[in-house]
$ cat data-v3.pdb   # PDB, C-alpha atoms
MODEL        1
ATOM      1  CA  MET A   1     -61.985  60.659 -36.874
ATOM      2  CA  SER A   2     -59.677  60.375 -33.913
ATOM      3  CA  SER A   3     -55.954  59.803 -34.345
ATOM      4  CA  PRO A   4     -54.457  56.563 -33.150
ATOM      5  CA  ILE A   5     -52.967  56.956 -29.698
ATOM      6  CA  VAL A   6     -50.257  54.321 -29.975
ATOM      7  CA  GLY A   7     -47.458  54.051 -32.496
ATOM      8  CA  THR A   8     -47.400  57.502 -33.993
ATOM      9  CA  THR A   9     -44.118  58.888 -32.695
ATOM     10  CA  GLU A  10     -41.698  55.980 -32.944
ATOM     11  CA  SER A  11     -38.810  56.033 -35.397
ATOM     12  CA  THR A  12     -38.685  53.287 -37.972
ATOM     13  CA  PRO A  13     -37.324  50.146 -36.345
ATOM     14  CA  ILE A  14     -34.125  48.633 -37.669
ATOM     15  CA  VAL A  15     -35.093  45.389 -39.357
ATOM     16  CA  GLY A  16     -31.789  43.918 -40.533
ATOM     17  CA  PRO A  17     -29.402  41.876 -38.378
ATOM     18  CA  ARG A  18     -27.077  43.855 -36.092
ATOM     19  CA  ALA A  19     -25.654  41.188 -33.791
ATOM     20  CA  ILE A  20     -24.955  37.513 -33.183
ATOM     21  CA  VAL A  21     -26.293  35.782 -30.067
ATOM     22  CA  ALA A  22     -24.516  32.562 -29.101
ATOM     23  CA  GLY A  23     -24.334  30.301 -26.085
ATOM     24  CA  HIS A  24     -25.047  26.968 -24.482
ATOM     25  CA  GLY A  25     -27.971  24.750 -25.467
ATOM     26  CA  GLU A  26     -30.898  26.766 -26.781
ATOM     27  CA  PHE A  27     -29.822  29.953 -25.011
ATOM     28  CA  ALA A  28     -29.587  31.989 -28.208
ATOM     29  CA  ALA A  29     -32.811  30.821 -29.821
ATOM     30  CA  GLY A  30     -34.663  31.246 -26.538
ATOM     31  CA  LEU A  31     -33.490  34.806 -25.959
ATOM     32  CA  VAL A  32     -34.088  35.868 -29.550
ATOM     33  CA  SER A  33     -37.546  34.315 -29.399
ATOM     34  CA  ALA A  34     -38.262  36.309 -26.252
ATOM     35  CA  VAL A  35     -37.009  39.537 -27.864
ATOM     36  CA  GLN A  36     -39.248  38.892 -30.852
ATOM     37  CA  GLN A  37     -42.256  38.183 -28.658
ATOM     38  CA  ILE A  38     -41.755  41.323 -26.562
ATOM     39  CA  THR A  39     -40.694  43.798 -29.232
ATOM     40  CA  GLY A  40     -41.151  42.335 -32.693
ATOM     41  CA  ARG A  41     -37.495  43.235 -33.322
ATOM     42  CA  GLY A  42     -35.933  39.799 -33.085
ATOM     43  CA  ALA A  43     -34.693  40.062 -36.676
ATOM     44  CA  GLN A  44     -31.873  42.295 -35.422
ATOM     45  CA  LEU A  45     -30.368  39.264 -33.717
ATOM     46  CA  ILE A  46     -28.963  36.106 -35.280
ATOM     47  CA  PRO A  47     -29.151  33.119 -32.909
ATOM     48  CA  VAL A  48     -26.306  30.638 -33.224
ATOM     49  CA  ALA A  49     -26.311  27.194 -31.598
ATOM     50  CA  VAL A  50     -22.999  25.368 -31.238
ATOM     51  CA  ASN A  51     -23.946  21.978 -29.834
ATOM     52  CA  LYS A  52     -21.610  19.181 -30.929
ATOM     53  CA  LEU A  53     -19.061  21.567 -32.460
ATOM     54  CA  SER A  54     -15.360  21.692 -31.689
ATOM     55  CA  VAL A  55     -13.760  24.943 -30.562
ATOM     56  CA  GLN A  56     -12.366  25.553 -34.049
ATOM     57  CA  ASP A  57     -15.741  24.879 -35.657
ATOM     58  CA  ILE A  58     -17.432  27.277 -33.233
ATOM     59  CA  GLU A  59     -14.969  29.998 -34.174
ATOM     60  CA  ASP A  60     -15.422  29.294 -37.887
ATOM     61  CA  LEU A  61     -19.213  29.317 -37.587
ATOM     62  CA  LEU A  62     -19.354  32.581 -35.642
ATOM     63  CA  ARG A  63     -16.904  34.233 -38.019
ATOM     64  CA  THR A  64     -18.920  33.073 -41.025
ATOM     65  CA  ARG A  65     -22.183  34.376 -39.555
ATOM     66  CA  MET A  66     -20.567  37.738 -38.773
ATOM     67  CA  VAL A  67     -19.211  38.108 -42.290
ATOM     68  CA  GLU A  68     -22.419  36.931 -43.977
ATOM     69  CA  ALA A  69     -24.547  39.395 -42.040
ATOM     70  CA  ASP A  70     -21.860  42.098 -41.855
ATOM     71  CA  VAL A  71     -22.306  42.532 -38.107
ATOM     72  CA  ARG A  72     -19.694  43.516 -35.526
ATOM     73  CA  VAL A  73     -21.417  42.600 -32.260
ATOM     74  CA  ILE A  74     -21.554  39.238 -30.469
ATOM     75  CA  PHE A  75     -23.576  38.535 -27.337
ATOM     76  CA  THR A  76     -22.668  35.368 -25.381
ATOM     77  CA  ASP A  77     -23.939  33.773 -22.211
ATOM     78  CA  LEU A  78     -20.958  32.908 -20.017
ATOM     79  CA  GLN A  79     -17.465  34.283 -19.450
ATOM     80  CA  ALA A  80     -15.992  30.778 -19.503
ATOM     81  CA  GLY A  81     -18.159  29.514 -22.344
ATOM     82  CA  SER A  82     -16.813  28.157 -25.598
ATOM     83  CA  CYS A  83     -18.658  30.817 -27.589
ATOM     84  CA  THR A  84     -17.014  33.539 -25.520
ATOM     85  CA  MET A  85     -13.582  31.990 -26.000
ATOM     86  CA  ALA A  86     -14.156  31.672 -29.738
ATOM     87  CA  SER A  87     -15.452  35.235 -29.950
ATOM     88  CA  ARG A  88     -12.371  36.591 -28.215
ATOM     89  CA  ARG A  89     -10.230  34.891 -30.826
ATOM     90  CA  ILE A  90     -12.345  36.439 -33.593
ATOM     91  CA  LEU A  91     -12.141  39.910 -32.061
ATOM     92  CA  ARG A  92      -8.363  39.673 -31.942
ATOM     93  CA  GLY A  93      -8.277  40.539 -35.644
ATOM     94  CA  MET A  94     -11.351  42.743 -35.776
ATOM     95  CA  ASP A  95     -10.776  46.118 -34.130
ATOM     96  CA  ASP A  96     -14.244  47.491 -34.806
ATOM     97  CA  ALA A  97     -16.119  44.579 -33.193
ATOM     98  CA  VAL A  98     -17.375  44.141 -29.638
ATOM     99  CA  LEU A  99     -18.189  41.117 -27.485
ATOM    100  CA  ILE A 100     -20.680  41.277 -24.619
ATOM    101  CA  ALA A 101     -20.302  38.201 -22.395
ATOM    102  CA  GLY A 102     -22.945  37.393 -19.798
ATOM    103  CA  ALA A 103     -25.792  38.861 -21.831
ATOM    104  CA  ASN A 104     -29.366  38.582 -20.565
ATOM    105  CA  LEU A 105     -32.809  39.485 -21.876
ATOM    106  CA  PRO A 106     -32.757  43.100 -20.632
ATOM    107  CA  THR A 107     -29.423  43.525 -22.436
ATOM    108  CA  LEU A 108     -30.891  42.458 -25.750
ATOM    109  CA  LEU A 109     -34.088  44.451 -25.279
ATOM    110  CA  ASP A 110     -32.063  47.616 -24.784
ATOM    111  CA  PHE A 111     -29.911  46.787 -27.801
ATOM    112  CA  VAL A 112     -32.769  46.373 -30.268
ATOM    113  CA  PHE A 113     -34.212  49.769 -29.337
ATOM    114  CA  ALA A 114     -30.910  51.667 -29.657
ATOM    115  CA  GLU A 115     -31.501  53.024 -33.139
ATOM    116  CA  GLY A 116     -29.518  56.212 -32.744
ATOM    117  CA  ARG A 117     -26.265  54.438 -31.959
ATOM    118  CA  THR A 118     -23.872  52.317 -33.954
ATOM    119  CA  ALA A 119     -24.218  48.637 -33.137
ATOM    120  CA  PRO A 120     -21.015  48.502 -31.029
ATOM    121  CA  GLU A 121     -22.079  51.623 -29.111
ATOM    122  CA  ALA A 122     -25.534  50.171 -28.610
ATOM    123  CA  ALA A 123     -24.030  46.920 -27.365
ATOM    124  CA  ARG A 124     -21.921  48.649 -24.722
ATOM    125  CA  HIS A 125     -24.920  50.683 -23.568
ATOM    126  CA  ALA A 126     -27.045  47.541 -23.477
ATOM    127  CA  ALA A 127     -24.465  45.723 -21.366
ATOM    128  CA  GLU A 128     -24.800  48.366 -18.657
ATOM    129  CA  ARG A 129     -28.601  48.163 -18.805
ATOM    130  CA  GLY A 130     -28.467  44.396 -18.567
ATOM    131  CA  ARG A 131     -26.152  44.545 -15.559
ATOM    132  CA  ALA A 132     -28.403  47.026 -13.792
ATOM    133  CA  ALA A 133     -31.542  45.012 -14.518
ATOM    134  CA  ILE A 134     -30.641  42.194 -12.126
ATOM    135  CA  SER A 135     -32.236  42.506  -8.703
ATOM    136  CA  ALA A 136     -33.024  40.324  -5.712
ATOM    137  CA  HIS A 137     -36.348  40.299  -3.861
ATOM    138  CA  GLY A 138     -37.657  38.665  -0.718
ATOM    139  CA  ALA A 139     -35.882  36.740   2.074
ATOM    140  CA  GLY A 140     -34.475  39.897   3.638
ATOM    141  CA  ALA A 141     -33.344  41.505   0.397
TER     142      ALA A 141
ATOM    143  CA  MET B   1      -6.616  17.463  -1.497
ATOM    144  CA  THR B   2      -5.424  16.487  -4.960
ATOM    145  CA  LEU B   3      -6.316  16.269  -8.613
ATOM    146  CA  VAL B   4      -9.826  14.845  -8.552
ATOM    147  CA  LEU B   5     -10.504  14.669 -12.292
ATOM    148  CA  TYR B   6      -8.348  13.922 -15.325
ATOM    149  CA  ARG B   7     -10.440  15.043 -18.259
ATOM    150  CA  ILE B   8     -10.109  14.933 -22.053
ATOM    151  CA  ASP B   9     -12.066  17.865 -23.438
ATOM    152  CA  ASP B  10     -11.254  19.579 -26.721
ATOM    153  CA  ARG B  11     -12.904  22.778 -25.504
ATOM    154  CA  LEU B  12     -10.442  22.824 -22.551
ATOM    155  CA  ILE B  13     -11.672  25.501 -20.126
ATOM    156  CA  HIS B  14     -15.366  26.187 -20.692
ATOM    157  CA  GLY B  15     -18.676  26.312 -18.880
ATOM    158  CA  GLN B  16     -18.991  22.608 -18.042
ATOM    159  CA  VAL B  17     -15.530  22.563 -16.505
ATOM    160  CA  VAL B  18     -15.587  25.843 -14.606
ATOM    161  CA  VAL B  19     -19.221  25.792 -13.474
ATOM    162  CA  GLY B  20     -20.532  22.249 -14.044
ATOM    163  CA  TRP B  21     -17.645  20.492 -12.290
ATOM    164  CA  GLY B  22     -15.900  23.406 -10.638
ATOM    165  CA  GLN B  23     -18.683  24.529  -8.341
ATOM    166  CA  PRO B  24     -19.965  21.211  -6.926
ATOM    167  CA  LEU B  25     -16.438  19.865  -6.458
ATOM    168  CA  ASP B  26     -15.166  23.160  -5.022
ATOM    169  CA  ILE B  27     -12.290  23.220  -7.488
ATOM    170  CA  GLY B  28      -9.454  25.587  -6.589
ATOM    171  CA  PHE B  29      -7.226  25.085  -9.596
ATOM    172  CA  ILE B  30      -7.039  23.745 -13.131
ATOM    173  CA  VAL B  31      -3.957  22.220 -14.726
ATOM    174  CA  LEU B  32      -4.244  22.715 -18.472
ATOM    175  CA  VAL B  33      -1.884  20.435 -20.398
ATOM    176  CA  ASP B  34      -1.552  21.424 -24.022
ATOM    177  CA  ASP B  35       1.638  22.036 -25.979
ATOM    178  CA  MET B  36       0.165  24.807 -28.120
ATOM    179  CA  VAL B  37      -1.398  26.722 -25.225
ATOM    180  CA  ALA B  38       1.728  26.295 -23.118
ATOM    181  CA  ALA B  39       3.678  28.051 -25.861
ATOM    182  CA  SER B  40       1.327  31.037 -26.195
ATOM    183  CA  GLU B  41       0.948  33.795 -23.606
ATOM    184  CA  TRP B  42      -2.050  35.112 -25.527
ATOM    185  CA  GLU B  43      -3.873  31.771 -25.330
ATOM    186  CA  GLN B  44      -3.059  31.490 -21.638
ATOM    187  CA  ASP B  45      -4.509  34.947 -20.972
ATOM    188  CA  LEU B  46      -7.609  33.939 -22.898
ATOM    189  CA  TYR B  47      -8.202  30.907 -20.694
ATOM    190  CA  ARG B  48      -7.407  32.795 -17.488
ATOM    191  CA  MET B  49     -10.182  35.257 -18.355
ATOM    192  CA  GLY B  50     -12.633  32.350 -18.369
ATOM    193  CA  VAL B  51     -12.256  31.361 -14.736
ATOM    194  CA  PRO B  52     -13.430  33.103 -11.565
ATOM    195  CA  PRO B  53     -10.833  34.996  -9.504
ATOM    196  CA  GLU B  54     -10.664  32.328  -6.814
ATOM    197  CA  MET B  55      -9.661  29.631  -9.321
ATOM    198  CA  GLU B  56      -6.062  29.376 -10.531
ATOM    199  CA  VAL B  57      -4.950  27.969 -13.870
ATOM    200  CA  TYR B  58      -1.541  26.414 -14.507
ATOM    201  CA  PHE B  59      -0.278  25.700 -18.013
ATOM    202  CA  HIS B  60       2.098  22.945 -19.023
ATOM    203  CA  SER B  61       3.307  21.111 -22.062
ATOM    204  CA  ALA B  62       2.814  17.359 -21.847
ATOM    205  CA  THR B  63       6.474  16.847 -21.064
ATOM    206  CA  ASP B  64       6.526  19.448 -18.291
ATOM    207  CA  ALA B  65       3.265  18.179 -16.822
ATOM    208  CA  ILE B  66       4.680  14.748 -16.062
ATOM    209  CA  ALA B  67       7.330  16.311 -13.857
ATOM    210  CA  ALA B  68       4.904  18.766 -12.254
ATOM    211  CA  LEU B  69       2.107  16.346 -11.405
ATOM    212  CA  PRO B  70       3.412  15.246  -7.973
ATOM    213  CA  LYS B  71       3.240  18.880  -6.841
ATOM    214  CA  TYR B  72      -0.388  19.227  -7.923
ATOM    215  CA  ARG B  73      -1.343  15.904  -6.391
ATOM    216  CA  ALA B  74       0.011  17.147  -3.071
ATOM    217  CA  ASP B  75      -1.848  20.466  -3.296
ATOM    218  CA  SER B  76      -4.194  21.228  -0.398
ATOM    219  CA  ARG B  77      -6.911  22.261  -2.849
ATOM    220  CA  LYS B  78      -8.937  20.175  -5.303
ATOM    221  CA  GLY B  79      -7.929  20.423  -8.932
ATOM    222  CA  ILE B  80      -8.894  19.309 -12.426
ATOM    223  CA  LEU B  81      -6.357  18.331 -15.071
ATOM    224  CA  LEU B  82      -7.407  18.966 -18.670
ATOM    225  CA  THR B  83      -6.042  17.785 -21.980
ATOM    226  CA  GLY B  84      -7.508  18.661 -25.354
ATOM    227  CA  ASP B  85      -6.844  15.302 -26.950
ATOM    228  CA  ILE B  86      -6.396  11.621 -26.187
ATOM    229  CA  ALA B  87      -2.743  11.478 -27.209
ATOM    230  CA  THR B  88      -1.736  14.036 -24.583
ATOM    231  CA  MET B  89      -3.640  12.148 -21.883
ATOM    232  CA  ARG B  90      -1.927   8.962 -22.975
ATOM    233  CA  ARG B  91       1.449  10.542 -22.291
ATOM    234  CA  LEU B  92       0.294  11.329 -18.749
ATOM    235  CA  VAL B  93      -1.078   7.828 -18.233
ATOM    236  CA  ASP B  94       2.287   6.452 -19.315
ATOM    237  CA  GLY B  95       4.487   8.961 -17.538
ATOM    238  CA  ALA B  96       2.539   9.924 -14.443
ATOM    239  CA  ALA B  97       0.373   6.929 -13.557
ATOM    240  CA  VAL B  98      -3.038   8.468 -14.215
ATOM    241  CA  ASN B  99      -5.471   5.679 -13.403
ATOM    242  CA  ALA B 100      -8.878   7.188 -14.191
ATOM    243  CA  VAL B 101      -9.690   9.225 -17.298
ATOM    244  CA  ASN B 102     -12.874  11.195 -17.907
ATOM    245  CA  VAL B 103     -13.890  11.714 -21.542
ATOM    246  CA  GLY B 104     -15.709  15.015 -21.291
ATOM    247  CA  GLY B 105     -15.944  16.228 -24.856
ATOM    248  CA  ILE B 106     -14.472  15.257 -28.220
ATOM    249  CA  HIS B 107     -16.564  17.078 -30.741
ATOM    250  CA  SER B 108     -17.506  16.681 -34.369
ATOM    251  CA  ARG B 109     -14.781  16.907 -36.994
ATOM    252  CA  ALA B 110     -14.179  15.439 -40.436
ATOM    253  CA  GLY B 111     -13.404  11.733 -40.166
ATOM    254  CA  ARG B 112     -14.973  11.302 -36.742
ATOM    255  CA  ILE B 113     -18.019   9.135 -36.112
ATOM    256  CA  GLN B 114     -20.525  10.101 -33.424
ATOM    257  CA  ARG B 115     -20.488   7.759 -30.418
ATOM    258  CA  MET B 116     -22.347   9.888 -27.927
ATOM    259  CA  ARG B 117     -23.935  13.320 -27.869
ATOM    260  CA  TYR B 118     -20.576  14.858 -26.980
ATOM    261  CA  VAL B 119     -18.093  12.226 -28.184
ATOM    262  CA  PHE B 120     -17.044  11.798 -31.809
ATOM    263  CA  LEU B 121     -14.095   9.529 -32.632
ATOM    264  CA  THR B 122     -11.954   8.538 -35.572
ATOM    265  CA  PRO B 123     -10.989   4.854 -35.682
ATOM    266  CA  GLN B 124      -7.510   5.946 -34.558
ATOM    267  CA  GLU B 125      -8.933   7.797 -31.557
ATOM    268  CA  GLU B 126     -11.093   4.821 -30.660
ATOM    269  CA  GLN B 127      -7.941   2.704 -30.567
ATOM    270  CA  GLU B 128      -6.165   5.343 -28.490
ATOM    271  CA  LEU B 129      -8.916   5.156 -25.878
ATOM    272  CA  ARG B 130      -8.622   1.372 -25.827
ATOM    273  CA  ASP B 131      -4.879   1.808 -25.356
ATOM    274  CA  LEU B 132      -5.501   3.967 -22.283
ATOM    275  CA  ALA B 133      -7.605   1.194 -20.801
ATOM    276  CA  ALA B 134      -5.010  -1.416 -21.721
ATOM    277  CA  ARG B 135      -2.472   0.604 -19.736
ATOM    278  CA  GLY B 136      -4.603   0.295 -16.624
ATOM    279  CA  ALA B 137      -6.642   3.505 -16.722
ATOM    280  CA  THR B 138     -10.377   3.332 -16.141
ATOM    281  CA  VAL B 139     -11.916   5.289 -19.023
ATOM    282  CA  THR B 140     -15.451   6.643 -18.714
ATOM    283  CA  ALA B 141     -17.421   9.293 -20.554
ATOM    284  CA  GLN B 142     -19.300  11.855 -18.485
ATOM    285  CA  ASP B 143     -19.917  15.441 -19.508
ATOM    286  CA  VAL B 144     -21.274  16.784 -16.204
ATOM    287  CA  PRO B 145     -21.323  15.458 -12.623
ATOM    288  CA  GLY B 146     -25.049  14.708 -12.676
ATOM    289  CA  ALA B 147     -24.742  12.407 -15.696
ATOM    290  CA  ARG B 148     -24.148   8.672 -15.321
ATOM    291  CA  PRO B 149     -20.584   7.654 -16.233
ATOM    292  CA  VAL B 150     -20.545   5.603 -19.432
ATOM    293  CA  SER B 151     -18.036   2.772 -19.711
ATOM    294  CA  LEU B 152     -15.546   2.638 -22.556
ATOM    295  CA  ASP B 153     -17.308  -0.348 -24.102
ATOM    296  CA  ASP B 154     -20.653   1.439 -24.034
ATOM    297  CA  LEU B 155     -19.068   4.642 -25.312
ATOM    298  CA  ILE B 156     -17.590   2.900 -28.342
ATOM    299  CA  ALA B 157     -20.809   1.014 -28.903
ATOM    300  CA  GLY B 158     -22.667   4.311 -28.885
ATOM    301  CA  ALA B 159     -24.872   3.131 -26.040
ATOM    302  CA  GLU B 160     -25.597   6.502 -24.484
ATOM    303  CA  PRO B 161     -28.070   6.265 -21.609
TER     304      PRO B 161
ENDMDL
END
$ encode --input "data-v3.pdb" --output "structure tokens"
Amino acid sequence: MSSPIVGTTESTPIVGPRAIVAGHGEFAAGLVSAVQQITGRGAQLIPVAVNKLSVQDIEDLLRTRMVEADVRVIFTDLQAGSCTMASRRILRGMDDAVLIAGANLPTLLDFVFAEGRTAPEAARHAAERGRAAISAHGAGA
Amino acid sequence: MTLVLYRIDDRLIHGQVVVGWGQPLDIGFIVLVDDMVAASEWEQDLYRMGVPPEMEVYFHSATDAIAALPKYRADSRKGILLTGDIATMRRLVDGAAVNAVNVGGIHSRAGRIQRMRYVFLTPQEEQELRDLAARGATVTAQDVPGARPVSLDDLIAGAEP
């Protein structure tokens, strides 16, 4: 009998939610779907869609999701976006929480593999990975 | 240039305004007219963080905005004026001769009925929009520049293209 080559040395993946993902249109569901497809760890992320909601309702919804899931990390898509604005208001009274605005797929992939860190620490690390993962190719680049 | 868009949007500064309108129109400044924001340094800092460095944001109460509008209309850059509700825009229509109003986003809330994907109105708000038109302002709904402007009659009828 030979031992399996793959999957013998990994730590146990975190399976519960660790962060909210929110943004325009289907941004959140799309990114979380991609994380799930690539890693099988999409359950760490809670996608939140805010279409049709007022600013106050967005803030209330994000706050409710954070409390329900007991998470302290929010990833959003755009600095100027309504979800980012609402998240900043939420963080004003939540010293242990962190917001990562401008998140991309590499950001979230790094986050879901950061098992040795607290969620806020993992989020800050993931933000740097996400920033560094953007590159340009072709046309003289 | 001048103020090129007078917009009612309850999200005030957000992606559609800064990127959707701001980039194609080469917007250099935003005039945000809201009594609550004008009274809060913290809220003003929040909105300033949402715009790129090359875009300036000016904050006014409705009363102050009426007096300040001639200065912004004479500005060499293009600007957008934002209010978060219809009543504030009505004060500008009355006091500063705004003749075209863009309904960019009035979102779901208790008591409001959906008219378009991004416009929900109470009966009172519907009447307020009609009042804007009765005062000579052309009122259209349009969330982003690439969308077709929807007339007030079609907006209230819920006839979204």
$ interface_residues --input "data-v3.pdb" --of "chain B" --to "chain A" --cutoff "9 Å" --atoms "all atoms listed in the file" --output "PyMOL selection string"
chain B and resi 10-19+43+46-47+49-52+105-109+117-120
$ axis_aligned_box --input "data-v3.pdb" --around "region 48-65 of chain A" --padding-each-side "8 Å" --output "lines of an AutoDock Vina configuration file"
center_x = -19.3
center_y = 26.8
center_z = -35.4
size_x = 29.9
size_y = 31.2
size_z = 27.2
$ resolve_selection --input "data-v3.pdb" --expression "the PyMOL selection byres ((chain A and resi 62) around 8)" --output "PyMOL selection string"
chain A and resi 20+48+58-61+63-66+86-87
$ atom_distance --input "data-v3.pdb" --atom1 "CA of Ala114 (chain A)" --atom2 "CA of Glu128 (chain A)"
13.0 Å
$ resolve_selection --input "data-v3.pdb" --expression "the PyMOL selection byres ((chain B and resi 93) around 10)" --output "PyMOL selection string"
chain B and resi 6+66+87-92+94-101+132-133+135-137
$ resolve_selection --input "data-v3.pdb" --expression "the PyMOL selection byres ((chain B and resi 115) around 8)" --output "PDB file with C-alpha atoms, keeping the file's coordinate frame"
ATOM      1  CA  ILE B 113     -18.019   9.135 -36.112  1.00  0.00           C
ATOM      2  CA  GLN B 114     -20.525  10.101 -33.424  1.00  0.00           C
ATOM      3  CA  MET B 116     -22.347   9.888 -27.927  1.00  0.00           C
ATOM      4  CA  ARG B 117     -23.935  13.320 -27.869  1.00  0.00           C
ATOM      5  CA  TYR B 118     -20.576  14.858 -26.980  1.00  0.00           C
ATOM      6  CA  VAL B 119     -18.093  12.226 -28.184  1.00  0.00           C
ATOM      7  CA  PHE B 120     -17.044  11.798 -31.809  1.00  0.00           C
ATOM      8  CA  LEU B 121     -14.095   9.529 -32.632  1.00  0.00           C
ATOM      9  CA  LEU B 155     -19.068   4.642 -25.312  1.00  0.00           C
ATOM     10  CA  ILE B 156     -17.590   2.900 -28.342  1.00  0.00           C
ATOM     11  CA  ALA B 157     -20.809   1.014 -28.903  1.00  0.00           C
ATOM     12  CA  GLY B 158     -22.667   4.311 -28.885  1.00  0.00           C
ATOM     13  CA  ALA B 159     -24.872   3.131 -26.040  1.00  0.00           C
ATOM     14  CA  GLU B 160     -25.597   6.502 -24.484  1.00  0.00           C
TER      15      GLU B 160
END
$ residues_around --input "data-v3.pdb" --residues "Gly79 (chain B)" --least-positions-apart "4" --cutoff "10 Å" --atoms "only C-alpha atoms" --output "MDAnalysis selection string"
chainID B and resid 1:6 22 25:31 55:57 72:73 75
